[in-house]
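**Student:** My structure file input33.cif, mmCIF, C-alpha atoms and all ligand atoms, is below:
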data_final
#
loop_
_atom_site.label_atom_id
_atom_site.label_comp_id
_atom_site.auth_asym_id
_atom_site.auth_seq_id
_atom_site.Cartn_x
_atom_site.Cartn_y
_atom_site.Cartn_z
CA MET A 1 0.00 0.00 0.00
CA ASN A 2 1.35 3.43 -0.92
CA GLN A 3 1.60 5.84 1.99
CA PRO A 4 2.09 9.60 1.44
CA GLY A 5 5.81 10.23 1.62
CA ASN A 6 6.60 6.68 0.52
CA PRO A 7 9.47 7.03 -2.03
CA GLY A 8 7.59 5.03 -4.70
CA GLU A 9 4.57 7.30 -4.35
CA VAL A 10 6.70 10.47 -4.39
CA ILE A 11 8.46 9.35 -7.60
CA ARG A 12 5.10 8.54 -9.23
CA THR A 13 3.71 11.95 -8.25
CA VAL A 14 6.76 13.75 -9.65
CA GLN A 15 6.54 11.69 -12.85
CA ASN A 16 2.84 12.54 -13.23
CA GLN A 17 3.61 16.18 -12.63
CA LEU A 18 6.34 16.25 -15.30
CA GLU A 19 4.20 14.43 -17.82
CA CYS A 20 1.28 16.73 -17.16
CA ASP A 21 3.52 19.76 -17.48
CA LEU A 22 4.40 18.44 -20.90
CA TYR A 23 0.70 18.68 -21.73
CA LEU A 24 0.34 22.03 -20.08
CA GLY A 25 3.30 23.44 -21.93
CA GLY A 26 1.21 23.24 -25.10
CA TYR A 27 2.35 19.76 -26.05
CA TRP A 28 -1.03 18.11 -25.69
CA LEU A 29 -0.83 16.09 -28.80
CA PRO A 30 -2.76 12.89 -29.08
CA ILE A 31 -0.21 10.16 -28.77
CA GLY A 32 -1.62 7.31 -30.77
CA LYS A 33 1.59 5.45 -31.38
CA LEU A 34 3.69 8.49 -30.54
CA LYS A 35 6.04 8.21 -27.56
CA PRO A 36 5.92 11.12 -25.06
CA ALA A 37 9.70 11.58 -25.31
CA VAL A 38 9.52 12.48 -29.02
CA LYS A 39 10.17 16.16 -29.72
CA MET A 40 6.80 17.62 -30.69
CA PRO A 41 6.38 19.81 -33.74
CA VAL A 42 5.58 23.45 -33.09
CA ARG A 43 1.95 24.32 -33.84
CA PRO A 44 1.70 26.49 -36.98
CA PRO A 45 0.54 30.04 -36.22
CA ALA A 46 -3.20 30.69 -36.63
CA ALA A 47 -4.23 32.28 -39.94
CA PRO A 48 -4.42 36.10 -39.61
CA ALA A 49 -7.86 37.54 -38.84
CA GLY A 50 -9.76 38.36 -42.03
CA SER A 51 -7.79 35.88 -44.14
CA PRO A 52 -9.69 33.29 -46.21
CA ALA A 53 -8.18 30.45 -44.13
CA ARG A 54 -9.50 31.98 -40.92
CA ALA A 55 -12.92 32.53 -42.52
CA VAL A 56 -13.17 28.83 -43.43
CA SER A 57 -12.18 27.82 -39.92
CA GLN A 58 -14.86 30.09 -38.42
CA GLU A 59 -17.53 28.87 -40.83
CA ARG A 60 -16.86 25.25 -39.91
CA ILE A 61 -17.93 25.71 -36.35
CA MET A 62 -19.93 28.95 -36.11
CA SER A 63 -23.28 29.90 -37.56
CA ASP A 64 -24.43 33.34 -38.75
CA ALA A 65 -24.61 36.61 -36.86
CA GLU A 66 -28.36 37.15 -36.28
CA PRO A 67 -29.14 33.96 -34.33
CA ARG A 68 -25.86 34.55 -32.55
CA LYS A 69 -27.02 37.93 -31.21
CA GLU A 70 -30.40 36.53 -30.23
CA LYS A 71 -28.91 33.51 -28.49
CA GLN A 72 -26.34 35.69 -26.72
CA LYS A 73 -29.15 37.88 -25.42
CA ARG A 74 -31.07 34.86 -24.10
CA LEU A 75 -27.89 33.55 -22.45
CA ASP A 76 -27.25 36.96 -20.87
CA ASP A 77 -30.81 37.00 -19.48
CA LEU A 78 -30.26 33.53 -18.08
CA VAL A 79 -27.00 34.62 -16.40
CA ARG A 80 -28.89 37.47 -14.74
CA ARG A 81 -31.37 34.94 -13.35
CA MET A 82 -28.53 32.69 -12.16
CA GLY A 83 -26.96 35.70 -10.44
CA SER A 84 -29.90 36.07 -8.08
CA CYS A 85 -30.32 32.32 -7.49
CA CYS A 86 -30.43 31.11 -3.90
CA ARG A 87 -31.77 27.62 -4.53
CA CYS A 88 -28.91 26.06 -2.57
CA SER A 89 -26.31 27.22 -0.04
CA LEU A 90 -23.44 27.46 -2.56
CA ALA A 91 -24.58 30.96 -3.49
CA GLN A 92 -23.51 32.07 -0.01
CA THR A 93 -19.99 30.61 -0.12
CA ARG A 94 -18.94 31.29 -3.72
CA LEU A 95 -16.88 34.33 -4.71
CA HIS A 96 -18.25 34.53 -8.25
CA LEU A 97 -20.93 32.84 -10.28
CA VAL A 98 -19.38 30.75 -13.09
CA PRO A 99 -22.16 30.52 -15.67
CA GLY A 100 -20.14 29.36 -18.69
CA GLU A 101 -18.65 31.03 -21.74
CA GLY A 102 -18.09 30.66 -25.44
CA ASN A 103 -19.88 30.73 -28.74
CA PRO A 104 -23.66 30.94 -28.31
CA CYS A 105 -24.04 29.06 -31.63
CA ALA A 106 -21.44 26.43 -30.76
CA ARG A 107 -21.74 23.02 -32.34
CA ILE A 108 -19.98 21.51 -29.33
CA VAL A 109 -20.71 22.20 -25.66
CA PHE A 110 -18.20 20.89 -23.09
CA VAL A 111 -19.79 20.26 -19.68
CA GLY A 112 -17.66 19.86 -16.56
CA GLU A 113 -18.53 19.25 -12.95
CA ALA A 114 -18.29 22.47 -10.94
CA PRO A 115 -16.01 25.52 -10.66
CA GLY A 116 -12.79 25.14 -8.67
CA ALA A 117 -10.82 27.84 -6.84
CA SER A 118 -9.41 29.59 -9.95
CA GLU A 119 -12.80 29.57 -11.66
CA ASP A 120 -14.46 30.93 -8.51
CA GLU A 121 -11.90 33.77 -8.42
CA GLN A 122 -12.33 34.69 -12.09
CA GLY A 123 -15.99 33.82 -12.73
CA ARG A 124 -14.91 31.80 -15.79
CA PRO A 125 -15.03 28.04 -16.36
CA PHE A 126 -11.95 25.86 -16.74
CA VAL A 127 -9.23 28.47 -16.20
CA GLY A 128 -7.03 26.54 -13.72
CA ARG A 129 -4.67 23.64 -14.48
CA ALA A 130 -7.48 21.33 -15.62
CA GLY A 131 -8.74 24.21 -17.74
CA GLN A 132 -5.37 24.65 -19.39
CA LEU A 133 -5.39 20.97 -20.27
CA LEU A 134 -8.93 21.26 -21.64
CA THR A 135 -7.80 24.23 -23.78
CA ASN A 136 -4.91 22.13 -25.11
CA ILE A 137 -7.27 19.27 -25.92
CA ILE A 138 -9.64 21.63 -27.76
CA GLU A 139 -6.72 23.06 -29.74
CA ALA A 140 -5.41 19.56 -30.53
CA MET A 141 -8.85 18.98 -32.08
CA GLY A 142 -8.12 21.88 -34.43
CA LEU A 143 -10.59 24.18 -32.66
CA ARG A 144 -10.31 27.23 -30.45
CA ARG A 145 -11.91 27.81 -27.05
CA GLN A 146 -14.03 30.67 -28.37
CA GLU A 147 -15.53 28.42 -31.06
CA VAL A 148 -17.08 26.03 -28.54
CA TYR A 149 -19.12 26.60 -25.36
CA ILE A 150 -17.77 25.56 -21.95
CA CYS A 151 -19.82 25.27 -18.78
CA ASN A 152 -20.47 23.08 -15.75
CA ILE A 153 -23.26 21.16 -14.05
CA LEU A 154 -22.96 23.49 -11.02
CA LYS A 155 -22.51 27.22 -11.50
CA CYS A 156 -21.07 27.87 -8.01
CA ARG A 157 -17.99 26.35 -6.38
CA PRO A 158 -18.57 23.67 -3.75
CA PRO A 159 -16.40 24.53 -0.71
CA GLU A 160 -13.01 22.75 -0.65
CA ASN A 161 -13.74 21.36 -4.13
CA ARG A 162 -15.89 18.61 -2.65
CA ASP A 163 -18.13 16.59 -4.98
CA PRO A 164 -21.41 18.19 -5.95
CA GLN A 165 -24.28 16.98 -3.77
CA ALA A 166 -27.50 15.58 -5.21
CA ASN A 167 -29.58 18.50 -3.89
CA GLU A 168 -27.14 21.02 -5.46
CA ILE A 169 -27.29 19.27 -8.83
CA ALA A 170 -31.10 19.15 -8.62
CA ALA A 171 -31.19 22.88 -7.79
CA CYS A 172 -28.80 23.91 -10.57
CA ILE A 173 -29.42 21.51 -13.45
CA GLU A 174 -32.29 23.50 -14.94
CA TYR A 175 -29.80 26.27 -15.80
CA LEU A 176 -27.71 23.85 -17.83
CA TYR A 177 -30.81 22.47 -19.55
CA GLU A 178 -31.78 26.04 -20.48
CA GLN A 179 -28.25 26.76 -21.80
CA LEU A 180 -28.48 23.66 -24.00
CA ARG A 181 -31.96 24.63 -25.26
CA ILE A 182 -30.64 28.07 -26.24
CA ILE A 183 -27.36 26.97 -27.83
CA GLU A 184 -28.83 23.86 -29.54
CA PRO A 185 -25.44 22.19 -29.99
CA GLU A 186 -25.00 19.12 -32.15
CA MET A 187 -22.67 17.52 -29.62
CA ILE A 188 -22.23 17.57 -25.86
CA VAL A 189 -18.91 16.44 -24.40
CA ALA A 190 -19.50 15.37 -20.80
CA LEU A 191 -16.25 15.76 -18.88
CA GLY A 192 -16.02 13.25 -16.07
CA ALA A 193 -18.36 11.04 -14.13
CA HIS A 194 -20.57 13.74 -12.59
CA ALA A 195 -21.42 15.38 -15.91
CA ALA A 196 -21.86 12.06 -17.73
CA LYS A 197 -24.00 10.41 -15.07
CA THR A 198 -26.17 13.49 -14.59
CA LEU A 199 -26.83 14.12 -18.28
CA LEU A 200 -27.33 10.44 -19.11
CA ASN A 201 -29.27 9.74 -15.92
CA SER A 202 -27.02 6.75 -15.39
CA THR A 203 -25.19 5.15 -12.50
CA ALA A 204 -22.61 3.48 -14.75
CA ALA A 205 -18.92 4.28 -14.27
CA ILE A 206 -17.29 6.81 -16.60
CA GLY A 207 -15.10 3.98 -17.96
CA GLU A 208 -18.27 2.31 -19.23
CA LEU A 209 -19.95 5.47 -20.49
CA ARG A 210 -17.00 6.76 -22.52
CA GLY A 211 -15.96 5.40 -25.90
CA ARG A 212 -19.37 5.62 -27.63
CA VAL A 213 -21.96 8.10 -28.79
CA HIS A 214 -25.05 8.52 -26.61
CA ALA A 215 -28.26 10.43 -27.26
CA TYR A 216 -29.27 13.27 -24.95
CA TYR A 217 -32.87 14.51 -25.13
CA PRO A 218 -33.26 18.17 -24.09
CA GLU A 219 -37.02 17.54 -23.92
CA PRO A 220 -38.93 14.23 -23.96
CA LEU A 221 -40.05 14.48 -27.59
CA SER A 222 -37.27 16.66 -28.94
CA LYS A 223 -34.56 15.78 -31.42
CA PRO A 224 -31.69 14.13 -29.55
CA ILE A 225 -28.27 15.74 -29.21
CA LYS A 226 -25.24 13.47 -29.54
CA LEU A 227 -23.27 13.09 -26.31
CA VAL A 228 -19.77 11.73 -25.83
CA ALA A 229 -18.47 11.22 -22.31
CA THR A 230 -14.78 11.22 -21.50
CA TYR A 231 -12.44 11.48 -18.54
CA HIS A 232 -12.34 14.83 -16.74
CA PRO A 233 -9.08 16.75 -17.44
CA ALA A 234 -8.44 16.89 -13.67
CA TYR A 235 -8.65 13.09 -13.56
CA LEU A 236 -6.19 12.93 -16.43
CA LEU A 237 -3.82 15.22 -14.53
CA ARG A 238 -4.01 13.02 -11.45
CA ASN A 239 -3.91 9.69 -13.30
CA TYR A 240 -1.65 10.30 -16.24
CA SER A 241 -0.95 7.24 -18.35
CA PRO A 242 -0.46 6.91 -22.09
CA ASP A 243 -3.57 4.68 -22.12
CA ASN A 244 -5.78 7.27 -20.42
CA ARG A 245 -4.45 9.95 -22.72
CA ARG A 246 -5.10 7.74 -25.75
CA ARG A 247 -8.65 7.04 -24.52
CA VAL A 248 -9.43 10.76 -24.27
CA TRP A 249 -8.03 11.36 -27.75
CA HIS A 250 -10.11 8.49 -29.15
CA ASP A 251 -13.22 10.12 -27.64
CA MET A 252 -12.31 13.49 -29.17
CA GLN A 253 -11.68 11.90 -32.57
CA MET A 254 -15.16 10.39 -32.32
CA VAL A 255 -16.59 13.86 -31.63
CA LEU A 256 -14.84 15.31 -34.71
CA LYS A 257 -15.91 12.45 -36.97
CA GLU A 258 -19.54 12.61 -35.78
CA LEU A 259 -19.60 16.30 -36.69
CA GLY A 260 -17.88 15.75 -40.04
CA LEU A 261 -14.91 17.84 -38.85
CA PRO A 262 -11.41 16.88 -39.94
CA VAL A 263 -9.11 15.15 -37.51
CA PRO A 264 -6.04 17.44 -37.59
CA ARG A 265 -3.27 16.19 -39.86
CA GLY A 266 -0.48 14.32 -38.18
CA LYS A 267 -2.68 13.51 -35.20
CA GLN A 268 -4.47 10.50 -36.62
CA GLU A 269 -3.53 7.06 -35.49
N1 LIG B 301 -13.35 21.50 -13.10
C1 LIG B 301 -14.61 21.57 -13.56
O1 LIG B 301 -15.34 20.59 -13.60
N2 LIG B 301 -15.01 22.75 -14.01
C2 LIG B 301 -14.25 23.82 -14.04
O2 LIG B 301 -14.72 24.86 -14.47
C3 LIG B 301 -12.94 23.71 -13.56
C4 LIG B 301 -12.50 22.55 -13.08
#
Write the structure described by the file as structure tokens, please.
Ligand code: URA
**Tutor:**
Amino acid sequence: MNQPGNPGEVIRTVQNQLECDLYLGGYWLPIGKLKPAVKMPVRPPAAPAGSPARAVSQERIMSDAEPRKEKQKRLDDLVRRMGSCCRCSLAQTRLHLVPGEGNPCARIVFVGEAPGASEDEQGRPFVGRAGQLLTNIIEAMGLRRQEVYICNILKCRPPENRDPQANEIAACIEYLYEQLRIIEPEMIVALGAHAAKTLLNSTAAIGELRGRVHAYYPEPLSKPIKLVATYHPAYLLRNYSPDNRRRVWHDMQMVLKELGLPVPRGKQE
């Protein structure tokens, strides 16, 4: 059994940290058959704003301006309602509400668990270490953060980063449902067990839920939205292994293929 301070455990922690820093340094490339020690190519600079290449990239993932304005307005109204929410006690302990951010016409919505300390300080989702890894994953998919929408099941931080409680999820979930009804994404990526189990109304482990495409129904008779569950970036940081990393990349490839988006060159297995 590994005790804290046990040399084996310390070495494993340091190894994890170094490997995760490799990710966090902008090297989050899907490994496939690639070995982590290989020197990674430098990402080519983004096409300049206004250039035809940038326009194509935007068109792939964004829809036109009018619905965008309308959806943004509805999201802003919703954030105002969230701001005065006192349905559970988290409103009293949080520093800032973390409603979510991104493209109101996004084709992909990433849903995490709940804000952590950095998110609570900034009022923005996924801005800490797990957030940096999520950003790297999104970029490895050939997308940019502002092209997708990122939010959480809970909009307020649970104290000490404890797990969300059932009553808190029940109190908050309607806000996420409303966000999804407004954005109407084609794909939801559920990050981690809490998001996957809540959205799929399942008790299965994340290991069983990941690796396939599910259907999420925003309303009983509505058109389903595709949902892919994967490991939470924070889990990946704590449990780095080439296999876990490969699993997450497989899930993200599935997302791209389901949406007819290209898997970035050089990153296919
Ligand atoms: N973890 C989450 O689930 N959400 C965040 O916003 C940050 C970390």
**Student:** Ligand LIG 301 (chain B): which residues are within 8 Å, counting all atoms listed in the file? Reply as an mmCIF file with C-alpha atoms, in the frame of the given file.
**Tutor:**
data_model
loop_
_atom_site.group_PDB
_atom_site.id
_atom_site.type_symbol
_atom_site.label_atom_id
_atom_site.label_comp_id
_atom_site.auth_asym_id
_atom_site.auth_seq_id
_atom_site.Cartn_x
_atom_site.Cartn_y
_atom_site.Cartn_z
ATOM 1 C CA VAL A 98 -19.380 30.750 -13.090
ATOM 2 C CA VAL A 111 -19.790 20.260 -19.680
ATOM 3 C CA GLY A 112 -17.660 19.860 -16.560
ATOM 4 C CA GLU A 113 -18.530 19.250 -12.950
ATOM 5 C CA ALA A 114 -18.290 22.470 -10.940
ATOM 6 C CA PRO A 115 -16.010 25.520 -10.660
ATOM 7 C CA GLY A 116 -12.790 25.140 -8.670
ATOM 8 C CA SER A 118 -9.410 29.590 -9.950
ATOM 9 C CA GLU A 119 -12.800 29.570 -11.660
ATOM 10 C CA ARG A 124 -14.910 31.800 -15.790
ATOM 11 C CA PRO A 125 -15.030 28.040 -16.360
ATOM 12 C CA PHE A 126 -11.950 25.860 -16.740
ATOM 13 C CA VAL A 127 -9.230 28.470 -16.200
ATOM 14 C CA GLY A 128 -7.030 26.540 -13.720
ATOM 15 C CA ALA A 130 -7.480 21.330 -15.620
ATOM 16 C CA GLY A 131 -8.740 24.210 -17.740
ATOM 17 C CA CYS A 151 -19.820 25.270 -18.780
ATOM 18 C CA ASN A 152 -20.470 23.080 -15.750
ATOM 19 C CA ILE A 153 -23.260 21.160 -14.050
ATOM 20 C CA LEU A 191 -16.250 15.760 -18.880
ATOM 21 C CA GLY A 192 -16.020 13.250 -16.070
ATOM 22 C CA HIS A 232 -12.340 14.830 -16.740
ATOM 23 C CA PRO A 233 -9.080 16.750 -17.440
ATOM 24 C CA ALA A 234 -8.440 16.890 -13.670
#
**Student:** Check which residues of region 110-181 of chain A sit at most 9 Å from region 244-265 of chain A using only C-alpha atoms, and return one row each with the closest pair of atoms and their distance in Å to one decimal, ordered by chain and rising number, as a Markdown table.
**Tutor:**
| residue | atom | partner | partner_atom | distance |
| --- | --- | --- | --- | --- |
| A:Ile137 | CA | A:Trp249 | CA | 8.2 |
| A:Ile138 | CA | A:Met252 | CA | 8.7 |
| A:Ala140 | CA | A:Pro264 | CA | 7.4 |
| A:Met141 | CA | A:Pro264 | CA | 6.4 |
| A:Gly142 | CA | A:Pro264 | CA | 5.8 |
**Student:** Take the point (-19.4, 25.6, 0.1) as written in the file and pick out every residue within 10 Å of it, counting only C-alpha atoms; give the list as a ChimeraX atom specification.
**Tutor:** /A:88-94,156-162,164
**Student:** Taking into account all atoms listed in the file, which residue in the set A:Arg145, A:Arg238, A:Lys155, A:Arg107 is nearest to Met82 (chain A)?
**Tutor:**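 Nearest to Met82 (chain A): A:Lys155.
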**Student:** Write out, as JSON lines, each residue of region 44-150 of chain A that has an atom at most 10 Å from region 211-228 of chain A, together with the closest pair of atoms and their distance in Å to one decimal, counting only C-alpha atoms, rows going by chain and rising number.
**Tutor:**
{"residue": "A:Ile108", "atom": "CA", "partner": "A:Leu227", "partner_atom": "CA", "distance": 9.5}
{"residue": "A:Val109", "atom": "CA", "partner": "A:Leu227", "partner_atom": "CA", "distance": 9.5}
{"residue": "A:Phe110", "atom": "CA", "partner": "A:Val228", "partner_atom": "CA", "distance": 9.7}
**Student:** Keeping C-alpha atoms for every residue in the selection just given, could you write it to a file as a PDB file, in the coordinates of the input?
**Tutor:**
ATOM      1  CA  ILE A 108     -19.980  21.510 -29.330  1.00  0.00           C
ATOM      2  CA  VAL A 109     -20.710  22.200 -25.660  1.00  0.00           C
ATOM      3  CA  PHE A 110     -18.200  20.890 -23.090  1.00  0.00           C
TER       4      PHE A 110
END
**Student:** Report the distance between CA of Arg81 (chain A) and CA of His96 (chain A) in Å, rounded to one decimal place.
**Tutor:** 14.1 Å
**Student:** With distances taken over all atoms listed in the file, which of A:Leu237, A:Ile173, A:Ile183, A:Leu154 is nearest to Gln72 (chain A)?
**Tutor:** A:Ile183
**Student:** What gap, in Å, lies between CA of Ala204 (chain A) and CA of Ala170 (chain A)?
**Tutor:**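 Calculated distance between CA of Ala204 (chain A) and CA of Ala170 (chain A) is 18.8 Å.
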**Student:** Between CA of Tyr240 (chain A) and CA of Ser202 (chain A), what is the distance, to one decimal in Å?
**Tutor:**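 Atom-to-atom, CA of Tyr240 (chain A) and CA of Ser202 (chain A) are spaced 25.6 Å apart.
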**Student:** Ranking A:Leu180, A:Leu236, A:Ile188, A:Ala171 by minimum distance to Leu134 (chain A) and counting only C-alpha atoms, which one comes first?
**Tutor:** A:Leu236
**Student:** Nearest to Glu147 (chain A) among A:Leu133, A:Leu176, A:Cys105, A:Ala117, with distances taken over only C-alpha atoms: which residue is it?
**Tutor:** A:Cys105
**Student:** Give as a ChimeraX atom specification the set of residues within 12 Å of the point (-27.6, 32.3, -22.0), where distances use the file's coordinates and all atoms listed in the file.
**Tutor:** /A:68-82,99-105,149-151,175-184
